[in-house]
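Pasted below: work_12.cif, mmCIF, C-alpha atoms.
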```cif
data_my_file
#
loop_
_atom_site.label_atom_id
_atom_site.label_comp_id
_atom_site.auth_asym_id
_atom_site.auth_seq_id
_atom_site.Cartn_x
_atom_site.Cartn_y
_atom_site.Cartn_z
CA MET A 1 -2.34 4.57 10.64
CA GLY A 2 -4.36 3.45 7.65
CA ARG A 3 -5.09 0.21 5.82
CA ALA A 4 -5.78 -0.42 2.17
CA ALA A 5 -7.33 -3.53 0.67
CA ASN A 6 -7.26 -4.53 -2.98
CA HIS A 7 -10.44 -5.95 -4.56
CA PRO A 8 -9.41 -7.34 -7.97
CA SER A 9 -13.06 -8.17 -8.74
CA GLY A 10 -13.73 -4.46 -9.24
CA ASP A 11 -16.44 -4.38 -6.55
CA PRO A 12 -15.40 -1.96 -3.78
CA THR A 13 -18.14 -3.17 -1.41
CA PRO A 14 -16.52 -4.03 1.95
CA THR A 15 -16.54 -7.74 2.75
CA ARG A 16 -17.07 -9.22 6.19
CA GLU A 17 -13.30 -9.83 6.25
CA ASP A 18 -12.69 -6.12 5.58
CA GLU A 19 -15.04 -5.12 8.39
CA ASP A 20 -13.46 -7.64 10.80
CA MET A 21 -9.97 -6.36 9.95
CA THR A 22 -11.08 -2.76 10.54
CA LEU A 23 -12.39 -3.67 14.00
CA GLU A 24 -9.19 -5.54 14.84
CA LEU A 25 -7.03 -2.66 13.66
CA ARG A 26 -9.17 -0.16 15.57
CA HIS A 27 -8.71 -2.20 18.77
CA LEU A 28 -4.95 -2.52 18.27
CA SER A 29 -4.55 1.14 17.38
CA GLU A 30 -6.35 2.16 20.57
CA GLU A 31 -4.03 -0.05 22.65
CA LEU A 32 -1.00 1.54 20.99
CA HIS A 33 -2.48 5.07 21.17
CA VAL A 34 -2.12 5.42 17.39
CA PRO A 35 -5.34 6.57 15.71
CA LEU A 36 -6.74 4.55 12.82
CA THR A 37 -7.56 7.25 10.30
CA ALA A 38 -8.76 5.26 7.31
CA HIS A 39 -9.44 1.85 5.80
CA LEU A 40 -9.81 2.13 2.04
CA ILE A 41 -10.64 -0.46 -0.61
CA ALA A 42 -9.26 0.10 -4.10
CA THR A 43 -10.13 -1.66 -7.36
CA PRO A 44 -8.21 -1.93 -10.63
CA SER A 45 -10.75 0.41 -12.29
CA GLY A 46 -9.97 3.13 -9.75
CA ARG A 47 -13.20 2.74 -7.77
CA TYR A 48 -12.80 2.86 -4.02
CA ALA A 49 -14.77 2.69 -0.78
CA ALA A 50 -14.11 3.46 2.88
CA VAL A 51 -14.84 0.86 5.53
CA HIS A 52 -16.70 2.06 8.60
CA GLU A 53 -17.50 0.24 11.80
#
```
Written as structure tokens, that's how I'd like the structure from this file.
Amino acid sequence: MGRAANHPSGDPTPTREDEDMTLELRHLSEELHVPLTAHLIATPSGRYAAVHE
């Protein structure tokens, strides 16, 4: 399972909301025994970042 977030501002820096969502998804994925493999942030300019716990 993966999650992608769009940052229209062009800044791929993870927000607190992104980090909170990653933790929530990690918890849910563990309960369902489905690994969370990635959480990526994409911007209109093509820049991206990965969110880590």
Expected selection from the PyMOL selection byres ((chain A and resi 46) around 12), given as a PDB file with C-alpha atoms, in the coordinates of the input:
```
ATOM      1  CA  ASN A   6      -7.260  -4.530  -2.980  1.00  0.00           C
ATOM      2  CA  HIS A   7     -10.440  -5.950  -4.560  1.00  0.00           C
ATOM      3  CA  PRO A   8      -9.410  -7.340  -7.970  1.00  0.00           C
ATOM      4  CA  SER A   9     -13.060  -8.170  -8.740  1.00  0.00           C
ATOM      5  CA  GLY A  10     -13.730  -4.460  -9.240  1.00  0.00           C
ATOM      6  CA  ASP A  11     -16.440  -4.380  -6.550  1.00  0.00           C
ATOM      7  CA  PRO A  12     -15.400  -1.960  -3.780  1.00  0.00           C
ATOM      8  CA  LEU A  40      -9.810   2.130   2.040  1.00  0.00           C
ATOM      9  CA  ILE A  41     -10.640  -0.460  -0.610  1.00  0.00           C
ATOM     10  CA  ALA A  42      -9.260   0.100  -4.100  1.00  0.00           C
ATOM     11  CA  THR A  43     -10.130  -1.660  -7.360  1.00  0.00           C
ATOM     12  CA  PRO A  44      -8.210  -1.930 -10.630  1.00  0.00           C
ATOM     13  CA  SER A  45     -10.750   0.410 -12.290  1.00  0.00           C
ATOM     14  CA  ARG A  47     -13.200   2.740  -7.770  1.00  0.00           C
ATOM     15  CA  TYR A  48     -12.800   2.860  -4.020  1.00  0.00           C
ATOM     16  CA  ALA A  49     -14.770   2.690  -0.780  1.00  0.00           C
TER      17      ALA A  49
END
```
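Of note, CA of Thr13 (chain A) and CA of Ala38 (chain A) are spaced 15.3 Å apart.
CA of Thr37 (chain A) is positioned 10.6 Å from CA of Thr22 (chain A).
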For CA of Glu17 (chain A) and CA of His39 (chain A), the interatomic separation in Å (one decimal): 12.3 Å
Please give the centre and size of the box around region 36-53 of chain A (axis-aligned, containing every atom listed in the file, 6 Å added per side), with values in Å to one decimal and written as lines of an AutoDock Vina configuration file.
```
center_x = -12.1
center_y = 2.7
center_z = 0.3
size_x = 22.8
size_y = 21.2
size_z = 37.1
```
